[in-house]
file protein15.csv (CSV, N, CA and C atoms)
chain,number,residue,atom,x,y,z
A,1,MET,N,-67.4,-105.5,31.6
A,1,MET,CA,-68.6,-106.1,31.1
A,1,MET,C,-69.4,-105.1,30.3
A,2,ALA,N,-69.5,-103.9,30.7
A,2,ALA,CA,-70.3,-102.9,30.0
A,2,ALA,C,-69.8,-102.7,28.6
A,3,ALA,N,-68.4,-102.7,28.5
A,3,ALA,CA,-67.8,-102.4,27.2
A,3,ALA,C,-68.1,-103.6,26.2
A,4,TYR,N,-68.1,-104.8,26.7
A,4,TYR,CA,-68.5,-105.9,25.9
A,4,TYR,C,-69.9,-105.8,25.4
A,5,LEU,N,-70.8,-105.5,26.3
A,5,LEU,CA,-72.2,-105.4,26.0
A,5,LEU,C,-72.4,-104.3,25.0
A,6,LYS,N,-71.8,-103.2,25.1
A,6,LYS,CA,-71.9,-102.0,24.2
A,6,LYS,C,-71.4,-102.5,22.8
A,7,THR,N,-70.3,-103.2,22.8
A,7,THR,CA,-69.8,-103.7,21.5
A,7,THR,C,-70.8,-104.6,20.8
A,8,LEU,N,-71.5,-105.4,21.6
A,8,LEU,CA,-72.5,-106.3,21.0
A,8,LEU,C,-73.8,-105.6,20.7
A,9,GLY,N,-74.0,-104.3,21.2
A,9,GLY,CA,-75.2,-103.6,21.0
A,9,GLY,C,-76.3,-104.0,22.0
A,10,LEU,N,-75.8,-104.5,23.1
A,10,LEU,CA,-76.8,-104.9,24.2
A,10,LEU,C,-76.7,-104.0,25.4
A,11,SER,N,-77.8,-103.8,26.0
A,11,SER,CA,-77.8,-103.1,27.3
A,11,SER,C,-77.8,-104.0,28.5
A,12,THR,N,-77.3,-103.5,29.6
A,12,THR,CA,-77.3,-104.3,30.8
A,12,THR,C,-78.7,-104.7,31.2
A,13,ALA,N,-79.7,-103.8,31.0
A,13,ALA,CA,-81.1,-104.1,31.3
A,13,ALA,C,-81.6,-105.3,30.4
A,14,HIS,N,-81.2,-105.3,29.2
A,14,HIS,CA,-81.7,-106.4,28.3
A,14,HIS,C,-81.1,-107.7,28.7
A,15,VAL,N,-79.8,-107.7,29.0
A,15,VAL,CA,-79.1,-108.9,29.4
A,15,VAL,C,-79.7,-109.5,30.7
A,16,ASN,N,-80.1,-108.6,31.6
A,16,ASN,CA,-80.7,-109.1,32.9
A,16,ASN,C,-82.2,-109.5,32.7
A,17,ARG,N,-82.9,-108.8,31.8
A,17,ARG,CA,-84.3,-109.1,31.6
A,17,ARG,C,-84.5,-110.4,30.9
A,18,ARG,N,-83.7,-110.7,29.9
A,18,ARG,CA,-84.0,-111.9,29.1
A,18,ARG,C,-84.0,-113.2,29.9
A,19,PRO,N,-83.0,-113.5,30.8
A,19,PRO,CA,-83.1,-114.7,31.6
A,19,PRO,C,-84.3,-114.7,32.5
A,20,ARG,N,-84.7,-113.5,33.0
A,20,ARG,CA,-85.9,-113.4,33.9
A,20,ARG,C,-87.2,-113.8,33.1
A,21,GLU,N,-87.2,-113.4,31.8
A,21,GLU,CA,-88.4,-113.7,30.9
A,21,GLU,C,-88.4,-115.2,30.7
A,22,LEU,N,-87.2,-115.8,30.5
A,22,LEU,CA,-87.1,-117.3,30.2
A,22,LEU,C,-87.6,-118.1,31.4
A,23,ARG,N,-87.2,-117.6,32.6
A,23,ARG,CA,-87.7,-118.3,33.8
A,23,ARG,C,-89.2,-118.1,34.0
A,24,ALA,N,-89.7,-116.9,33.8
A,24,ALA,CA,-91.2,-116.6,33.9
A,24,ALA,C,-92.0,-117.5,32.9
A,25,SER,N,-91.4,-117.8,31.8
A,25,SER,CA,-92.1,-118.6,30.8
A,25,SER,C,-91.9,-120.1,31.0
A,26,ASN,N,-91.2,-120.4,32.0
A,26,ASN,CA,-90.8,-121.8,32.4
A,26,ASN,C,-90.0,-122.5,31.3
A,27,LEU,N,-89.3,-121.7,30.5
A,27,LEU,CA,-88.4,-122.3,29.5
A,27,LEU,C,-87.1,-122.7,30.2
A,28,VAL,N,-86.7,-122.0,31.3
A,28,VAL,CA,-85.6,-122.5,32.1
A,28,VAL,C,-86.0,-122.4,33.5
A,29,VAL,N,-85.5,-123.4,34.3
A,29,VAL,CA,-85.7,-123.4,35.7
A,29,VAL,C,-84.4,-123.3,36.4
A,30,LEU,N,-84.3,-122.4,37.3
A,30,LEU,CA,-83.0,-122.2,38.0
A,30,LEU,C,-83.2,-122.5,39.5
A,31,LYS,N,-82.5,-123.5,40.0
A,31,LYS,CA,-82.6,-123.9,41.4
A,31,LYS,C,-81.2,-123.9,41.9
A,32,GLY,N,-80.8,-123.0,42.8
A,32,GLY,CA,-79.5,-122.9,43.3
A,32,GLY,C,-78.5,-122.6,42.1
A,33,LYS,N,-77.6,-123.5,41.9
A,33,LYS,CA,-76.6,-123.3,40.8
A,33,LYS,C,-76.9,-124.2,39.6
A,34,THR,N,-78.1,-124.8,39.6
A,34,THR,CA,-78.5,-125.7,38.5
A,34,THR,C,-79.5,-125.0,37.6
A,35,LEU,N,-79.2,-125.0,36.3
A,35,LEU,CA,-80.2,-124.5,35.4
A,35,LEU,C,-80.7,-125.7,34.5
A,36,THR,N,-82.0,-125.8,34.4
A,36,THR,CA,-82.6,-126.9,33.7
A,36,THR,C,-83.5,-126.3,32.6
A,37,ILE,N,-83.4,-127.0,31.5
A,37,ILE,CA,-84.3,-126.6,30.3
A,37,ILE,C,-85.3,-127.8,30.2
A,38,PRO,N,-86.5,-127.6,30.8
A,38,PRO,CA,-87.5,-128.7,30.8
A,38,PRO,C,-88.1,-129.1,29.5
A,39,ASN,N,-88.2,-128.2,28.5
A,39,ASN,CA,-88.7,-128.5,27.2
A,39,ASN,C,-87.7,-127.9,26.2
A,40,LEU,N,-86.8,-128.7,25.8
A,40,LEU,CA,-85.7,-128.3,24.9
A,40,LEU,C,-86.3,-127.8,23.5
A,41,LYS,N,-87.3,-128.5,23.0
A,41,LYS,CA,-87.9,-128.0,21.7
A,41,LYS,C,-88.5,-126.6,21.8
A,42,ALA,N,-89.2,-126.4,22.9
A,42,ALA,CA,-89.8,-125.0,23.1
A,42,ALA,C,-88.7,-124.0,23.2
A,43,PHE,N,-87.6,-124.3,24.0
A,43,PHE,CA,-86.5,-123.4,24.2
A,43,PHE,C,-85.8,-123.1,22.8
A,44,GLN,N,-85.6,-124.1,22.0
A,44,GLN,CA,-85.0,-123.9,20.7
A,44,GLN,C,-85.9,-123.1,19.8
A,45,GLU,N,-87.2,-123.2,19.9
A,45,GLU,CA,-88.0,-122.4,19.0
A,45,GLU,C,-88.0,-120.9,19.4
A,46,VAL,N,-88.0,-120.6,20.7
A,46,VAL,CA,-87.9,-119.3,21.2
A,46,VAL,C,-86.5,-118.7,20.9
A,47,ALA,N,-85.5,-119.5,20.9
A,47,ALA,CA,-84.1,-119.0,20.6
A,47,ALA,C,-83.8,-118.9,19.1
A,48,LEU,N,-84.8,-119.4,18.3
A,48,LEU,CA,-84.6,-119.4,16.9
A,48,LEU,C,-83.4,-120.3,16.5
A,49,PHE,N,-83.2,-121.4,17.3
A,49,PHE,CA,-82.1,-122.2,17.1
A,49,PHE,C,-82.2,-123.0,15.8
A,50,ASN,N,-81.1,-123.1,15.0
A,50,ASN,CA,-81.0,-123.8,13.8
A,50,ASN,C,-79.8,-124.8,14.0
A,51,GLY,N,-80.1,-126.0,14.2
A,51,GLY,CA,-79.0,-127.0,14.4
A,51,GLY,C,-78.2,-127.4,13.1
A,52,ASN,N,-78.6,-126.9,12.0
A,52,ASN,CA,-77.9,-127.3,10.7
A,52,ASN,C,-76.5,-127.0,10.8
A,53,CYS,N,-76.1,-125.9,11.5
A,53,CYS,CA,-74.7,-125.5,11.5
A,53,CYS,C,-73.8,-126.5,12.3
A,54,LEU,N,-74.5,-127.4,13.1
A,54,LEU,CA,-73.8,-128.3,14.0
A,54,LEU,C,-73.4,-129.6,13.3
A,55,HIS,N,-73.9,-129.8,12.1
A,55,HIS,CA,-73.6,-131.1,11.4
A,55,HIS,C,-73.7,-132.3,12.3
A,56,LEU,N,-74.9,-132.4,12.9
A,56,LEU,CA,-75.1,-133.5,13.8
A,56,LEU,C,-75.3,-134.9,13.1
A,57,ASP,N,-75.3,-134.9,11.8
A,57,ASP,CA,-75.4,-136.1,11.0
A,57,ASP,C,-74.1,-136.7,10.8
A,58,ARG,N,-73.0,-136.1,11.2
A,58,ARG,CA,-71.6,-136.6,11.0
A,58,ARG,C,-71.1,-137.2,12.2
A,59,GLU,N,-70.1,-138.0,12.0
A,59,GLU,CA,-69.4,-138.6,13.2
A,59,GLU,C,-68.5,-137.5,13.8
A,60,GLY,N,-68.2,-137.7,15.1
A,60,GLY,CA,-67.5,-136.7,15.8
A,60,GLY,C,-66.1,-136.4,15.3
A,61,TYR,N,-65.4,-137.5,14.8
A,61,TYR,CA,-64.0,-137.3,14.4
A,61,TYR,C,-63.9,-136.3,13.2
A,62,GLU,N,-65.0,-136.2,12.4
A,62,GLU,CA,-65.0,-135.3,11.3
A,62,GLU,C,-65.1,-133.8,11.7
A,63,LEU,N,-65.4,-133.6,13.0
A,63,LEU,CA,-65.6,-132.2,13.5
A,63,LEU,C,-64.4,-131.7,14.4
A,64,ASP,N,-63.4,-132.5,14.4
A,64,ASP,CA,-62.2,-132.2,15.3
A,64,ASP,C,-61.5,-131.0,14.7
A,65,ALA,N,-61.5,-129.8,15.4
A,65,ALA,CA,-60.9,-128.6,15.0
A,65,ALA,C,-59.4,-128.7,14.9
A,66,ASN,N,-58.8,-129.7,15.6
A,66,ASN,CA,-57.3,-129.9,15.6
A,66,ASN,C,-56.8,-130.6,14.3
A,67,ASP,N,-57.7,-131.2,13.6
A,67,ASP,CA,-57.3,-131.9,12.3
A,67,ASP,C,-57.2,-130.9,11.2
A,68,GLY,N,-56.2,-131.2,10.3
A,68,GLY,CA,-56.1,-130.6,9.1
A,68,GLY,C,-55.8,-129.3,8.8
call {"tool": "encode", "arguments": {"input": "protein15.csv", "output": "structure tokens"}}
result
Amino acid sequence: MAAYLKTLGLSTAHVNRRPRELRASNLVVLKGKTLTIPNLKAFQEVALFNGNCLHLDREGYELDANDG
């Protein structure tokens, strides 16, 4: 695991800290083995998520990686 994190330029401390910050900000709620995102829009903003790469305006069959 440490080798993967080093390759990505991440420290173990950072990887452990970020989920804790998300829980403290109520962006994620962890109960047992269930993780819930109560406010998806707020979570996406914090994550700088850009859904343009997902091509959500297309039908699913156009996105099949096994085609063509």
call {"tool": "atom_distance", "arguments": {"input": "protein15.csv", "atom1": "atom CA of Val29 of chain A", "atom2": "atom N of Ala47 of chain A"}}
result
15.3 Å
call {"tool": "closest_residue", "arguments": {"input": "protein15.csv", "among": "A:Leu10, A:Leu27, A:Met1, A:Val15", "to": "Ala42 of chain A", "atoms": "all atoms listed in the file"}}
result
A:Leu27
call {"tool": "atom_distance", "arguments": {"input": "protein15.csv", "atom1": "atom N of Arg18 of chain A", "atom2": "atom C of Phe49 of chain A"}}
result
18.8 Å
call {"tool": "atom_distance", "arguments": {"input": "protein15.csv", "atom1": "atom CA of Leu5 of chain A", "atom2": "atom C of Leu40 of chain A"}}
result
26.6 Å
call {"tool": "residues_around", "arguments": {"input": "protein15.csv", "residues": "Ile37 of chain A", "least_positions_apart": "2", "cutoff": "12 Å", "atoms": "only C-alpha atoms", "output": "JSON, numbers by chain"}}
result
{"A": [22, 23, 25, 26, 27, 28, 29, 30, 31, 34, 35, 39, 40, 41, 42, 43, 44]}
